[in-house]
file data16.pdb (PDB, C-alpha atoms, pLDDT in the B column)
ATOM      1  CA  MET A1087     118.232  74.131 120.246  1.00 49.00           C
ATOM      2  CA  ARG A1088     118.924  77.767 119.359  1.00 52.00           C
ATOM      3  CA  PHE A1089     118.550  76.997 115.660  1.00 52.00           C
ATOM      4  CA  ILE A1090     115.092  75.489 116.201  1.00 55.00           C
ATOM      5  CA  ASN A1091     113.962  78.566 118.146  1.00 59.00           C
ATOM      6  CA  PHE A1092     115.373  80.894 115.489  1.00 54.00           C
ATOM      7  CA  ALA A1093     113.636  78.973 112.675  1.00 56.00           C
ATOM      8  CA  SER A1094     110.260  79.016 114.419  1.00 59.00           C
ATOM      9  CA  THR A1095     110.628  82.717 115.283  1.00 56.00           C
ATOM     10  CA  ARG A1096     111.571  83.516 111.686  1.00 55.00           C
ATOM     11  CA  SER A1097     108.621  81.510 110.399  1.00 65.00           C
ATOM     12  CA  ALA A1098     106.187  83.278 112.733  1.00 64.00           C
ATOM     13  CA  PHE A1099     107.604  86.670 111.735  1.00 57.00           C
ATOM     14  CA  GLU A1100     107.273  85.804 108.046  1.00 62.00           C
ATOM     15  CA  LYS A1101     103.630  84.783 108.512  1.00 62.00           C
ATOM     16  CA  ARG A1102     102.814  88.025 110.357  1.00 60.00           C
ATOM     17  CA  MET A1103     104.518  90.126 107.671  1.00 60.00           C
ATOM     18  CA  LYS A1104     102.532  88.427 104.912  1.00 61.00           C
ATOM     19  CA  LEU A1105      99.302  89.341 106.699  1.00 61.00           C
ATOM     20  CA  ALA A1106     100.282  92.930 107.529  1.00 63.00           C
ATOM     21  CA  PRO A1107      98.440  95.584 105.507  1.00 68.00           C
ATOM     22  CA  ARG A1108     100.559  97.500 103.007  1.00 70.00           C
ATOM     23  CA  GLY A1109     100.700 101.258 102.616  1.00 74.00           C
ATOM     24  CA  ARG A1110     100.232 102.929  99.234  1.00 78.00           C
ATOM     25  CA  GLU A1111     103.954 103.425  98.605  1.00 82.00           C
ATOM     26  CA  GLU A1112     104.726  99.830  99.504  1.00 84.00           C
ATOM     27  CA  LEU A1113     101.878  98.617  97.294  1.00 86.00           C
ATOM     28  CA  VAL A1114     103.198 100.667  94.353  1.00 87.00           C
ATOM     29  CA  ALA A1115     106.654  99.109  94.752  1.00 88.00           C
ATOM     30  CA  PHE A1116     105.179  95.625  95.175  1.00 88.00           C
ATOM     31  CA  LEU A1117     103.018  95.889  92.040  1.00 90.00           C
ATOM     32  CA  ASP A1118     105.843  97.447  90.049  1.00 92.00           C
ATOM     33  CA  VAL A1119     108.114  94.468  90.737  1.00 92.00           C
ATOM     34  CA  ARG A1120     105.402  91.882  90.100  1.00 91.00           C
ATOM     35  CA  LEU A1121     104.316  93.535  86.825  1.00 94.00           C
ATOM     36  CA  ARG A1122     107.930  93.673  85.615  1.00 95.00           C
ATOM     37  CA  ILE A1123     108.274  89.967  86.352  1.00 93.00           C
ATOM     38  CA  ALA A1124     105.116  89.308  84.302  1.00 94.00           C
ATOM     39  CA  GLU A1125     106.487  91.430  81.426  1.00 94.00           C
ATOM     40  CA  ARG A1126     109.695  89.406  81.364  1.00 94.00           C
ATOM     41  CA  ALA A1127     107.715  86.170  81.479  1.00 94.00           C
ATOM     42  CA  LYS A1128     105.664  87.389  78.506  1.00 94.00           C
ATOM     43  CA  ALA A1129     108.841  88.195  76.557  1.00 94.00           C
ATOM     44  CA  ARG A1130     110.124  84.666  77.216  1.00 94.00           C
ATOM     45  CA  THR A1131     106.998  82.999  75.785  1.00 93.00           C
ATOM     46  CA  SER A1132     108.277  83.460  72.220  1.00 93.00           C
ATOM     47  CA  SER A1133     110.753  80.574  72.607  1.00 93.00           C
ATOM     48  CA  GLY A1134     110.397  77.034  73.844  1.00 93.00           C
ATOM     49  CA  ILE A1135     113.207  77.464  76.336  1.00 94.00           C
ATOM     50  CA  GLY A1136     111.534  80.600  77.690  1.00 93.00           C
ATOM     51  CA  ARG A1137     108.204  78.813  78.135  1.00 93.00           C
ATOM     52  CA  PHE A1138     110.039  75.976  79.881  1.00 95.00           C
ATOM     53  CA  TYR A1139     111.759  78.495  82.179  1.00 94.00           C
ATOM     54  CA  ASN A1140     108.389  80.103  82.970  1.00 91.00           C
ATOM     55  CA  ALA A1141     106.930  76.688  83.803  1.00 92.00           C
ATOM     56  CA  LEU A1142     109.829  75.834  86.122  1.00 93.00           C
ATOM     57  CA  SER A1143     109.902  79.211  87.841  1.00 90.00           C
ATOM     58  CA  GLY A1144     106.121  79.454  88.183  1.00 89.00           C
ATOM     59  CA  GLU A1145     106.023  82.814  86.406  1.00 90.00           C
ATOM     60  CA  ASN A1146     102.906  83.493  84.370  1.00 91.00           C
ATOM     61  CA  PRO A1147     102.679  86.289  81.787  1.00 92.00           C
ATOM     62  CA  ASP A1148      98.907  86.629  82.241  1.00 94.00           C
ATOM     63  CA  TYR A1149      98.395  86.323  86.007  1.00 94.00           C
ATOM     64  CA  LEU A1150     100.041  87.455  89.228  1.00 92.00           C
ATOM     65  CA  ARG A1151      99.968  84.911  92.042  1.00 90.00           C
ATOM     66  CA  LEU A1152      99.026  86.758  95.239  1.00 86.00           C
ATOM     67  CA  THR A1153      98.244  85.727  98.769  1.00 84.00           C
ATOM     68  CA  GLY A1154      94.813  86.636 100.053  1.00 82.00           C
ATOM     69  CA  SER A1155      96.305  89.444 102.122  1.00 82.00           C
ATOM     70  CA  GLU A1156      98.044  90.923  99.064  1.00 84.00           C
ATOM     71  CA  LEU A1157      94.906  90.575  96.956  1.00 83.00           C
ATOM     72  CA  LYS A1158      92.874  92.295  99.654  1.00 83.00           C
ATOM     73  CA  ASP A1159      95.253  95.274  99.659  1.00 83.00           C
ATOM     74  CA  VAL A1160      95.194  95.505  95.855  1.00 82.00           C
ATOM     75  CA  LEU A1161      91.404  95.301  95.558  1.00 80.00           C
ATOM     76  CA  GLN A1162      90.830  97.879  98.288  1.00 79.00           C
ATOM     77  CA  VAL A1163      92.520 100.446  96.036  1.00 78.00           C
ATOM     78  CA  ILE A1164      89.601 100.175  93.606  1.00 74.00           C
ATOM     79  CA  GLY A1165      87.071 100.311  96.436  1.00 75.00           C
ATOM     80  CA  ALA A1166      86.151  96.627  96.629  1.00 72.00           C
ATOM     81  CA  GLU A1167      84.952  95.375  99.995  1.00 74.00           C
ATOM     82  CA  VAL A1168      86.720  92.041 100.393  1.00 70.00           C
ATOM     83  CA  ASP A1169      86.937  91.554 104.160  1.00 70.00           C
ATOM     84  CA  ASN A1170      84.520  88.613 104.324  1.00 75.00           C
ATOM     85  CA  ILE A1171      85.242  87.208 100.873  1.00 74.00           C
ATOM     86  CA  VAL A1172      89.000  86.722 100.680  1.00 73.00           C
ATOM     87  CA  ASP A1173      90.811  84.111 102.768  1.00 76.00           C
ATOM     88  CA  THR A1174      94.060  85.826 103.742  1.00 74.00           C
ATOM     89  CA  HIS A1175      96.002  82.538 103.778  1.00 75.00           C
ATOM     90  CA  ALA A1176      94.899  81.296 100.335  1.00 83.00           C
ATOM     91  CA  LEU A1177      96.611  81.934  96.989  1.00 86.00           C
ATOM     92  CA  PHE A1178      94.852  83.753  94.161  1.00 87.00           C
ATOM     93  CA  ASP A1179      95.649  84.597  90.546  1.00 90.00           C
ATOM     94  CA  LEU A1180      94.998  88.217  89.549  1.00 89.00           C
ATOM     95  CA  ARG A1181      94.976  89.166  85.882  1.00 92.00           C
ATOM     96  CA  VAL A1182      97.928  91.319  84.859  1.00 94.00           C
ATOM     97  CA  ASP A1183      95.680  93.932  83.207  1.00 93.00           C
ATOM     98  CA  VAL A1184      93.720  94.423  86.447  1.00 89.00           C
ATOM     99  CA  ALA A1185      96.954  94.731  88.428  1.00 90.00           C
ATOM    100  CA  GLY A1186      98.183  97.254  85.855  1.00 91.00           C
ATOM    101  CA  GLU A1187      95.049  99.365  86.299  1.00 89.00           C
ATOM    102  CA  VAL A1188      95.490  99.329  90.076  1.00 87.00           C
ATOM    103  CA  PHE A1189      99.157 100.288  89.623  1.00 90.00           C
ATOM    104  CA  ALA A1190      98.187 103.202  87.338  1.00 89.00           C
ATOM    105  CA  THR A1191      95.545 104.328  89.838  1.00 87.00           C
ATOM    106  CA  LEU A1192      98.084 104.295  92.653  1.00 85.00           C
ATOM    107  CA  GLN A1193     100.597 106.251  90.575  1.00 84.00           C
ATOM    108  CA  ASP A1194      97.954 108.846  89.633  1.00 81.00           C
ATOM    109  CA  TYR A1195      97.005 109.195  93.284  1.00 73.00           C
ATOM    110  CA  ALA A1196     100.656 109.580  94.310  1.00 63.00           C
ATOM    111  CA  SER A1197     101.304 112.246  91.675  1.00 66.00           C
ATOM    112  CA  SER A1198      98.195 114.236  92.577  1.00 65.00           C
ATOM    113  CA  THR A1199      98.761 114.122  96.339  1.00 60.00           C
ATOM    114  CA  PRO A1200     101.099 116.844  97.656  1.00 55.00           C
ATOM    115  CA  VAL A1201     104.053 115.719  99.739  1.00 51.00           C
ATOM    116  CA  GLN A1202     103.665 116.627 103.383  1.00 54.00           C
ATOM    117  CA  SER A1203     106.701 117.511 105.474  1.00 47.00           C
TER
END
call {"tool": "encode", "arguments": {"input": "data16.pdb", "output": "structure tokens"}}
result
Amino acid sequence: MRFINFASTRSAFEKRMKLAPRGREELVAFLDVRLRIAERAKARTSSGIGRFYNALSGENPDYLRLTGSELKDVLQVIGAEVDNIVDTHALFDLRVDVAGEVFATLQDYASSTPVQS
């Protein structure tokens, strides 16, 4: 019985964390990891085995698969109002070049903002 309670608690926690808004630093780290994954997927497309690996792993060199909550956080960086448009539970594909521009914008903002103690 304890295992069932733990599994349902873990599942509920995971769902809440996916919907939680991300701060700028967390969003920079998130996009950095996802863009590196896309770069590696792009490097693998030169061979048949690499394309097969990408197909099995679900990695795409051209798009990042994001939840609606993640997409909402990313698009808010560029000033898009997405509250009524994006379903937070759905999955979306965001082009890698757009994610790269958001990542660069976040890095520029972080470098121009003084650190407060």
call {"tool": "resolve_selection", "arguments": {"input": "data16.pdb", "expression": "the PyMOL selection byres ((chain A and resi 1158-1167) around 12)", "output": "JSON, numbers by chain"}}
result
{"A": [1104, 1105, 1106, 1107, 1108, 1109, 1110, 1111, 1112, 1113, 1114, 1116, 1117, 1150, 1152, 1153, 1154, 1155, 1156, 1157, 1168, 1169, 1170, 1171, 1172, 1173, 1174, 1175, 1176, 1177, 1178, 1180, 1181, 1184, 1185, 1186, 1187, 1188, 1189, 1190, 1191, 1192, 1193, 1194, 1195]}
call {"tool": "residues_around", "arguments": {"input": "data16.pdb", "residues": "segment 1132-1149 of chain A", "least_positions_apart": "4", "cutoff": "9 Å", "atoms": "all atoms listed in the file", "output": "ChimeraX atom specification"}}
result
/A:1121,1123-1128,1179-1183,1185
call {"tool": "axis_aligned_box", "arguments": {"input": "data16.pdb", "around": "segment 1157-1161 of chain A", "padding_each_side": "5 Å", "output": "lines of an AutoDock Vina configuration file"}}
result
center_x = 93.3
center_y = 93.0
center_z = 97.6
size_x = 13.8
size_y = 14.9
size_z = 14.1
